[in-house]
>>> print(open('input-v3.cif').read())   # mmCIF, C-alpha atoms
data_run
#
loop_
_atom_site.label_atom_id
_atom_site.label_comp_id
_atom_site.auth_asym_id
_atom_site.auth_seq_id
_atom_site.Cartn_x
_atom_site.Cartn_y
_atom_site.Cartn_z
CA MET A 27 -169.06 17.17 -32.69
CA THR A 28 -165.57 15.77 -33.28
CA LEU A 29 -163.24 14.41 -30.61
CA GLY A 30 -160.10 15.82 -32.22
CA PRO A 31 -156.68 14.21 -32.70
CA HIS A 32 -156.78 12.41 -29.31
CA ALA A 33 -160.15 10.71 -29.79
CA GLU A 34 -158.74 7.25 -28.97
CA PHE A 35 -157.65 8.45 -25.49
CA ILE A 36 -161.06 9.97 -24.76
CA LEU A 37 -162.91 6.86 -25.93
CA ALA A 38 -160.52 4.57 -24.02
CA ALA A 39 -161.06 6.61 -20.81
CA TYR A 40 -164.86 6.43 -21.11
CA GLY A 41 -164.66 2.75 -22.04
CA ALA A 42 -162.48 1.93 -19.01
CA CYS A 43 -164.83 3.86 -16.71
CA ALA A 44 -167.91 2.06 -18.08
CA LEU A 45 -166.17 -1.32 -17.85
CA VAL A 46 -165.17 -0.87 -14.19
CA ILE A 47 -168.65 0.37 -13.14
CA VAL A 48 -170.50 -2.37 -15.07
CA ALA A 49 -168.17 -5.05 -13.62
CA LEU A 50 -168.64 -3.72 -10.06
CA THR A 51 -172.45 -3.53 -10.40
CA ALA A 52 -172.63 -7.01 -11.95
CA TRP A 53 -170.47 -8.43 -9.14
CA ILE A 54 -172.72 -6.87 -6.45
CA LEU A 55 -175.90 -8.12 -8.16
CA PHE A 56 -174.47 -11.61 -8.75
CA GLU A 57 -173.35 -11.81 -5.11
CA LYS A 58 -176.82 -10.72 -3.93
CA ARG A 59 -178.51 -13.47 -5.95
CA SER A 60 -176.07 -16.08 -4.64
CA LEU A 61 -176.46 -14.90 -1.00
CA GLU A 62 -180.27 -14.86 -1.20
CA LYS A 63 -180.26 -18.41 -2.57
CA THR A 64 -177.96 -19.64 0.21
CA LEU A 65 -179.92 -17.77 2.91
CA GLY A 66 -183.23 -19.22 1.65
CA ARG A 67 -181.83 -22.75 1.68
CA LEU A 68 -180.31 -22.40 5.16
CA SER A 69 -183.43 -20.73 6.61
CA ALA A 70 -185.64 -23.53 5.27
CA ARG A 71 -183.30 -26.16 6.74
CA PHE A 72 -183.16 -24.31 10.09
CA GLU A 73 -186.96 -23.99 10.28
CA ALA A 74 -187.36 -27.68 9.40
CA SER A 75 -184.95 -28.73 12.15
CA LYS A 76 -186.80 -26.51 14.66
CA THR A 77 -190.13 -28.12 13.68
CA ASP A 78 -188.59 -31.61 14.04
CA LYS A 79 -187.26 -30.71 17.46
CA ASN A 80 -190.63 -29.38 18.64
CA SER A 81 -192.55 -32.41 17.38
CA MET B 6 -183.20 33.47 38.23
CA ASP B 7 -185.36 33.88 35.17
CA ASN B 8 -182.29 33.89 33.03
CA ASP B 9 -181.04 30.76 34.76
CA THR B 10 -184.37 29.04 34.17
CA GLU B 11 -184.43 30.15 30.57
CA TYR B 12 -180.83 28.98 30.10
CA GLY B 13 -181.70 25.66 31.78
CA THR B 14 -184.75 25.22 29.55
CA ARG B 15 -182.66 25.93 26.46
CA ILE B 16 -180.13 23.30 27.49
CA ASP B 17 -182.98 20.81 28.05
CA ASP B 18 -184.41 21.59 24.60
CA GLN B 19 -181.01 21.10 23.00
CA GLU B 20 -180.50 17.85 24.86
CA THR B 21 -183.96 16.61 23.84
CA PHE B 22 -183.26 17.51 20.22
CA GLY B 23 -179.86 15.80 20.41
CA LEU B 24 -181.37 12.69 21.95
CA GLU B 25 -184.12 12.58 19.31
CA PHE B 26 -181.51 12.88 16.55
CA ILE B 27 -179.42 10.08 18.08
CA MET B 28 -182.54 7.92 18.47
CA GLN B 29 -183.40 8.49 14.80
CA LEU B 30 -179.86 7.48 13.81
CA LEU B 31 -180.00 4.42 16.05
CA ALA B 32 -183.27 3.39 14.38
CA PHE B 33 -181.23 2.64 11.23
CA ALA B 34 -178.73 0.67 13.32
CA ASN B 35 -181.20 -2.17 13.16
CA PRO B 36 -180.22 -4.22 10.07
CA THR B 37 -183.83 -5.29 9.39
CA ARG B 38 -185.00 -1.68 9.40
CA PHE B 39 -182.03 -0.72 7.21
CA LEU B 40 -182.92 -3.45 4.67
CA LYS B 41 -186.51 -2.14 4.50
CA PHE B 42 -185.18 1.40 3.96
CA VAL B 43 -182.88 0.15 1.15
CA GLN B 44 -185.78 -1.67 -0.52
CA VAL B 45 -187.78 1.57 -0.70
CA VAL B 46 -184.96 3.95 -1.64
CA LEU B 47 -182.73 1.90 -3.95
CA ARG B 48 -184.65 1.94 -7.24
CA PRO B 49 -185.46 5.70 -7.30
CA LEU B 50 -181.88 6.47 -6.26
CA ALA B 51 -180.44 4.28 -9.05
CA ILE B 52 -182.72 5.91 -11.66
CA LEU B 53 -181.81 9.39 -10.41
CA ALA B 54 -178.07 8.52 -10.48
CA ILE B 55 -178.18 7.20 -14.07
CA ALA B 56 -180.26 10.20 -15.26
CA THR B 57 -177.93 12.71 -13.59
CA ILE B 58 -174.77 11.05 -14.97
CA ALA B 59 -176.32 10.92 -18.45
CA ALA B 60 -177.24 14.63 -18.23
CA GLY B 61 -173.76 15.58 -16.94
CA LEU B 62 -171.93 13.62 -19.64
CA TYR B 63 -174.26 14.88 -22.39
CA LEU B 64 -173.68 18.49 -21.31
CA GLY B 65 -169.96 17.72 -21.11
CA PHE B 66 -169.90 16.53 -24.71
CA VAL B 67 -171.82 19.54 -26.04
CA ALA B 68 -169.76 21.99 -23.93
CA PRO B 69 -167.07 23.99 -25.76
CA GLU B 70 -163.55 22.58 -26.02
CA ASP B 71 -160.77 23.82 -23.75
CA TYR B 72 -158.62 26.46 -25.44
CA GLN B 73 -155.42 24.52 -24.65
CA GLN B 74 -156.46 20.88 -24.30
CA GLY B 75 -159.10 20.77 -27.03
CA SER B 76 -161.57 17.88 -26.76
CA THR B 77 -159.31 15.92 -24.38
CA VAL B 78 -160.79 18.01 -21.55
CA ARG B 79 -163.90 15.78 -21.79
CA ILE B 80 -161.99 13.12 -19.82
CA MET B 81 -162.35 15.55 -16.88
CA TYR B 82 -166.10 14.75 -16.58
CA ILE B 83 -165.29 11.18 -15.46
CA HIS B 84 -161.78 11.62 -14.02
CA VAL B 85 -162.60 14.37 -11.49
CA PRO B 86 -165.77 12.73 -10.04
CA ALA B 87 -163.90 9.40 -9.76
CA ALA B 88 -160.91 11.04 -8.04
CA TRP B 89 -163.23 12.94 -5.71
CA LEU B 90 -165.17 9.77 -4.83
CA SER B 91 -161.97 7.80 -4.21
CA MET B 92 -161.21 10.22 -1.35
CA PHE B 93 -164.83 10.64 -0.23
CA CYS B 94 -165.21 6.87 0.08
CA TYR B 95 -162.09 6.58 2.21
CA SER B 96 -163.32 9.46 4.42
CA LEU B 97 -166.62 7.59 4.85
CA MET B 98 -164.67 4.46 5.82
CA ALA B 99 -162.64 6.46 8.36
CA ILE B 100 -165.88 7.79 9.94
CA SER B 101 -167.26 4.22 9.94
CA ALA B 102 -164.02 3.08 11.61
CA LEU B 103 -164.68 5.56 14.42
CA GLY B 104 -168.23 4.21 14.58
CA THR B 105 -166.83 0.69 15.00
CA LEU B 106 -164.15 1.52 17.58
CA VAL B 107 -165.78 4.31 19.61
CA TRP B 108 -169.56 3.92 19.36
CA LYS B 109 -169.68 0.21 18.38
CA HIS B 110 -172.47 0.99 15.91
CA PRO B 111 -173.75 -2.36 14.51
CA LEU B 112 -173.74 -1.11 10.92
CA ALA B 113 -170.44 0.80 11.04
CA ASP B 114 -168.12 -2.02 9.98
CA VAL B 115 -170.78 -3.29 7.54
CA SER B 116 -170.64 0.17 5.93
CA ALA B 117 -166.83 0.25 5.88
CA LYS B 118 -166.47 -3.28 4.47
CA ALA B 119 -169.09 -2.62 1.78
CA ALA B 120 -167.44 0.68 0.79
CA ALA B 121 -163.91 -0.71 0.26
CA PRO B 122 -164.41 -2.41 -3.16
CA ILE B 123 -166.41 0.59 -4.41
CA GLY B 124 -163.66 2.96 -3.29
CA ALA B 125 -161.07 0.74 -4.98
CA ALA B 126 -163.10 0.78 -8.21
CA PHE B 127 -163.39 4.58 -8.26
CA THR B 128 -159.68 4.95 -7.46
CA LEU B 129 -158.88 2.57 -10.33
CA ILE B 130 -161.07 4.69 -12.65
CA ALA B 131 -159.25 7.85 -11.48
CA LEU B 132 -155.84 6.23 -12.13
CA LEU B 133 -156.81 4.82 -15.55
CA THR B 134 -158.54 7.95 -16.85
CA GLY B 135 -155.78 10.16 -15.42
CA SER B 136 -153.19 8.07 -17.22
CA LEU B 137 -155.15 8.24 -20.49
CA TRP B 138 -155.48 12.01 -20.06
CA GLY B 139 -151.79 12.39 -19.18
CA LYS B 140 -150.40 10.72 -22.30
CA PRO B 141 -151.69 13.26 -24.86
CA MET B 142 -151.26 16.26 -22.49
CA TRP B 143 -147.97 15.51 -20.68
CA GLY B 144 -146.47 12.97 -23.09
CA THR B 145 -146.46 10.19 -20.50
CA TYR B 146 -148.94 7.70 -19.04
CA TRP B 147 -147.28 7.75 -15.61
CA GLU B 148 -144.93 9.87 -13.55
CA TRP B 149 -143.88 9.13 -9.96
CA ASP B 150 -144.98 12.54 -8.77
CA ALA B 151 -146.65 13.23 -5.42
CA ARG B 152 -150.30 13.32 -6.55
CA MET B 153 -150.20 10.19 -8.70
CA THR B 154 -148.10 8.20 -6.23
CA SER B 155 -150.32 9.12 -3.25
CA VAL B 156 -153.45 8.07 -5.20
CA LEU B 157 -151.72 4.79 -6.09
CA ILE B 158 -151.02 4.31 -2.34
CA LEU B 159 -154.74 4.93 -1.69
CA PHE B 160 -155.58 2.16 -4.19
CA ILE B 161 -153.12 -0.20 -2.48
CA MET B 162 -154.70 0.70 0.91
CA TYR B 163 -158.13 -0.31 -0.42
CA ILE B 164 -156.77 -3.62 -1.73
CA GLY B 165 -154.96 -4.23 1.58
CA LEU B 166 -158.14 -3.60 3.58
CA ILE B 167 -160.19 -5.93 1.34
CA ALA B 168 -157.50 -8.61 1.81
CA LEU B 169 -157.47 -8.12 5.60
CA TRP B 170 -161.26 -8.48 5.80
CA LYS B 171 -161.01 -11.72 3.81
CA ALA B 172 -158.13 -13.02 5.94
CA ILE B 173 -159.92 -12.78 9.33
CA GLU B 174 -162.95 -15.05 9.62
CA ASP B 175 -164.61 -13.45 12.66
CA PRO B 176 -166.39 -10.32 11.32
CA ILE B 177 -166.20 -8.43 14.64
CA LEU B 178 -162.45 -9.00 14.97
CA ALA B 179 -161.94 -8.23 11.27
CA GLY B 180 -163.98 -5.04 11.65
CA LYS B 181 -161.80 -3.84 14.55
CA ALA B 182 -158.50 -4.66 12.81
CA CYS B 183 -159.62 -2.99 9.59
CA ALA B 184 -160.94 0.05 11.49
CA ILE B 185 -157.48 0.61 13.02
CA LEU B 186 -155.76 0.21 9.64
CA THR B 187 -158.33 2.52 7.99
CA LEU B 188 -157.65 5.27 10.54
CA VAL B 189 -153.88 4.90 10.09
CA GLY B 190 -154.32 5.10 6.31
CA ALA B 191 -156.45 8.26 6.61
CA ILE B 192 -153.20 10.23 6.94
CA ASN B 193 -152.90 9.77 3.16
CA LEU B 194 -156.01 11.91 2.49
CA PRO B 195 -154.48 15.34 3.27
CA VAL B 196 -151.31 14.20 1.47
CA ILE B 197 -153.36 13.54 -1.69
CA LYS B 198 -155.27 16.82 -1.37
CA PHE B 199 -152.27 19.09 -0.72
CA SER B 200 -149.59 17.15 -2.64
CA VAL B 201 -149.91 19.52 -5.61
CA GLU B 202 -149.19 22.49 -3.31
CA TRP B 203 -146.51 20.93 -1.08
CA TRP B 204 -144.35 19.50 -3.88
CA ASN B 205 -143.58 20.31 -7.51
CA SER B 206 -146.08 18.15 -9.33
CA LEU B 207 -146.87 17.43 -12.97
CA HIS B 208 -150.52 17.35 -11.91
CA GLN B 209 -152.36 20.69 -12.04
CA PRO B 210 -153.40 22.36 -8.75
CA ALA B 211 -157.02 22.36 -7.53
CA SER B 212 -159.29 24.31 -9.88
CA VAL B 213 -162.79 23.71 -8.38
CA LEU B 214 -162.54 23.60 -4.56
CA ARG B 215 -160.47 26.75 -3.94
CA LEU B 216 -160.78 29.52 -1.38
CA ASP B 217 -160.88 32.14 -4.15
CA GLY B 218 -163.49 30.23 -6.17
CA PRO B 219 -163.27 27.88 -9.17
CA THR B 220 -160.93 28.79 -12.01
CA ILE B 221 -162.84 26.77 -14.62
CA HIS B 222 -165.21 28.56 -17.01
CA PRO B 223 -168.90 28.02 -16.07
CA SER B 224 -169.56 26.32 -19.43
CA LEU B 225 -167.19 23.51 -18.35
CA LEU B 226 -167.88 23.72 -14.60
CA THR B 227 -171.66 23.13 -14.81
CA PRO B 228 -171.44 19.74 -16.59
CA LEU B 229 -168.60 18.76 -14.26
CA LEU B 230 -170.67 19.48 -11.14
CA ILE B 231 -173.74 17.66 -12.57
CA SER B 232 -171.54 14.68 -13.44
CA ALA B 233 -170.00 14.73 -9.93
CA ILE B 234 -173.48 14.75 -8.31
CA GLY B 235 -174.53 11.85 -10.58
CA PHE B 236 -171.47 9.75 -9.72
CA THR B 237 -171.99 10.51 -6.00
CA LEU B 238 -175.59 9.26 -6.24
CA LEU B 239 -174.24 6.16 -8.03
CA PHE B 240 -171.78 5.65 -5.18
CA PHE B 241 -174.58 5.75 -2.59
CA THR B 242 -176.66 3.34 -4.69
CA LEU B 243 -173.79 0.84 -4.96
CA HIS B 244 -172.90 1.29 -1.30
CA MET B 245 -176.44 0.47 -0.15
CA MET B 246 -176.49 -2.59 -2.43
CA ALA B 247 -173.14 -3.77 -1.05
CA MET B 248 -174.24 -3.14 2.55
CA ARG B 249 -177.37 -5.22 1.93
CA ASN B 250 -175.13 -8.07 0.65
CA GLU B 251 -172.93 -7.84 3.74
CA ILE B 252 -175.96 -8.05 6.07
CA LEU B 253 -177.20 -11.13 4.17
CA SER B 254 -173.72 -12.64 4.38
CA ARG B 255 -173.66 -12.16 8.19
CA ARG B 256 -177.11 -13.74 8.52
CA ILE B 257 -175.82 -16.77 6.60
CA ARG B 258 -172.83 -16.97 8.95
CA THR B 259 -175.13 -16.83 12.01
CA LEU B 260 -177.36 -19.60 10.64
CA ARG B 261 -174.31 -21.77 9.84
CA LEU B 262 -172.95 -21.26 13.37
CA LYS B 263 -176.35 -22.18 14.85
CA ALA B 264 -176.51 -25.27 12.62
CA ALA B 265 -172.98 -26.28 13.62
CA ALA B 266 -173.75 -25.79 17.34
CA ALA B 267 -177.07 -27.66 17.29
CA PRO B 268 -175.80 -31.32 17.27
CA ILE B 269 -173.35 -30.59 20.11
CA THR B 270 -176.07 -29.25 22.42
CA ARG B 271 -178.41 -32.14 21.61
CA GLN B 272 -175.78 -34.89 21.97
CA PRO B 273 -175.87 -35.46 25.78
CA ALA B 274 -179.65 -35.94 25.74
CA THR B 275 -179.56 -38.66 23.05
CA GLN B 276 -176.50 -40.56 24.31
CA GLU B 277 -176.95 -43.62 26.55
CA PRO B 278 -174.90 -43.78 29.77
CA THR B 279 -171.74 -45.87 29.22
CA SER B 280 -171.52 -47.45 32.68
#
>>> encode(input="input-v3.cif", output="structure tokens")
Amino acid sequence: MTLGPHAEFILAAYGACALVIVALTAWILFEKRSLEKTLGRLSARFEASKTDKNS
Amino acid sequence: MDNDTEYGTRIDDQETFGLEFIMQLLAFANPTRFLKFVQVVLRPLAILAIATIAAGLYLGFVAPEDYQQGSTVRIMYIHVPAAWLSMFCYSLMAISALGTLVWKHPLADVSAKAAAPIGAAFTLIALLTGSLWGKPMWGTYWEWDARMTSVLILFIMYIGLIALWKAIEDPILAGKACAILTLVGAINLPVIKFSVEWWNSLHQPASVLRLDGPTIHPSLLTPLLISAIGFTLLFFTLHMMAMRNEILSRRIRTLRLKAAAAPITRQPATQEPTS
């Protein structure tokens, strides 16, 4: 299979599409990891303060 | 009388069915339940999306060339699904906006906020791939014609909504403001769809969703539809992931507010009288 005389435009289009989707997915995954870390830290601190208050 | 009773019973049945359906929908309004649902569904959905896109693009590359455009027609297998999703995503946001303003559904503005960057990404893909398709076919990367300009406005709307959400700190207030702007911006959707019919446009008219049926040969249409289904599944996968992030983000905000409020409520009990 050949891509013809406009191969660079076809490859650039597929490359741009892949780049945008990979960047979006990576951003969502990176944000999830960061949010889970922050939530874990805050939850632990909140539980500790509740225990202190009760004791 | 019998007829009246029967009619009354039918109404009751319909109402019961309607109530059950609403109750089932409301069950997912609970963020904890939604997160559990996402945990179960996400991985199979992602695998299915990747497999379907791979199949669609493979079939697109082994499909015959277009008699006029040659191999350049293969850009269609990413451009058309991206363009379709750019409008579908905004429609979803408009429905979510109604959910926020009318029904005050707890997940409606979470859904709208999570969808905006994904919609912007698919609109960007549609603009980039359209431009790269236009250069060899029309001799230009860009023309200020109705279809291209209205899609560019859609992209700017997405960016504006993302900026507005970032600018207002209170998520409930931000959700309401963005819902109003989303509904105002929805007027652009029929303009995009019918721009090629209302004005003289460089862009070709619709060739898949037509009243008289598609005008594309089945050998090109089948891979296009498979690719479109795959990209739609990818959209739902990314949307669920982004909604999960937004729920986590709101939980963090709640914990921070509780932590900030805690010393103020405890202060009077620990302070000694000054007199």
>>> interface_residues(input="input-v3.cif", of="chain A", to="chain B", cutoff="9 Å", atoms="all atoms listed in the file", output="PyMOL selection string")
chain A and resi 27-33+35-40+42-43+46-47+50-51+54-55+57-58+61-62+64-65+68-69+72
>>> atom_distance(input="input-v3.cif", atom1="CA of Val48 (chain A)", atom2="CA of Ile55 (chain B)")
12.3 Å
>>> residues_around(input="input-v3.cif", residues="Lys109 (chain B)", least_positions_apart="2", cutoff="12 Å", atoms="all atoms listed in the file", output="PyMOL selection string")
chain B and resi 31+34+100-107+111-115+177+180-181+184
>>> atom_distance(input="input-v3.cif", atom1="CA of Thr237 (chain B)", atom2="CA of Gly165 (chain B)")
23.8 Å
>>> atom_distance(input="input-v3.cif", atom1="CA of Ile164 (chain B)", atom2="CA of Leu214 (chain B)")
28.0 Å
>>> residues_around(input="input-v3.cif", residues="Ser206 (chain B)", least_positions_apart="2", cutoff="10 Å", atoms="all atoms listed in the file", output="ChimeraX atom specification")
/B:148-153,200-204,208-210
>>> axis_aligned_box(input="input-v3.cif", around="region 38-53 of chain A", padding_each_side="4 Å", output="lines of an AutoDock Vina configuration file")
center_x = -166.6
center_y = -0.9
center_z = -16.6
size_x = 20.1
size_y = 23.0
size_z = 22.9
>>> residues_around(input="input-v3.cif", residues="Ala56 (chain B)", least_positions_apart="5", cutoff="12 Å", atoms="all atoms listed in the file", output="MDAnalysis selection string")
chainID B and resid 49:51 61:63 231:232 234:236 238:239
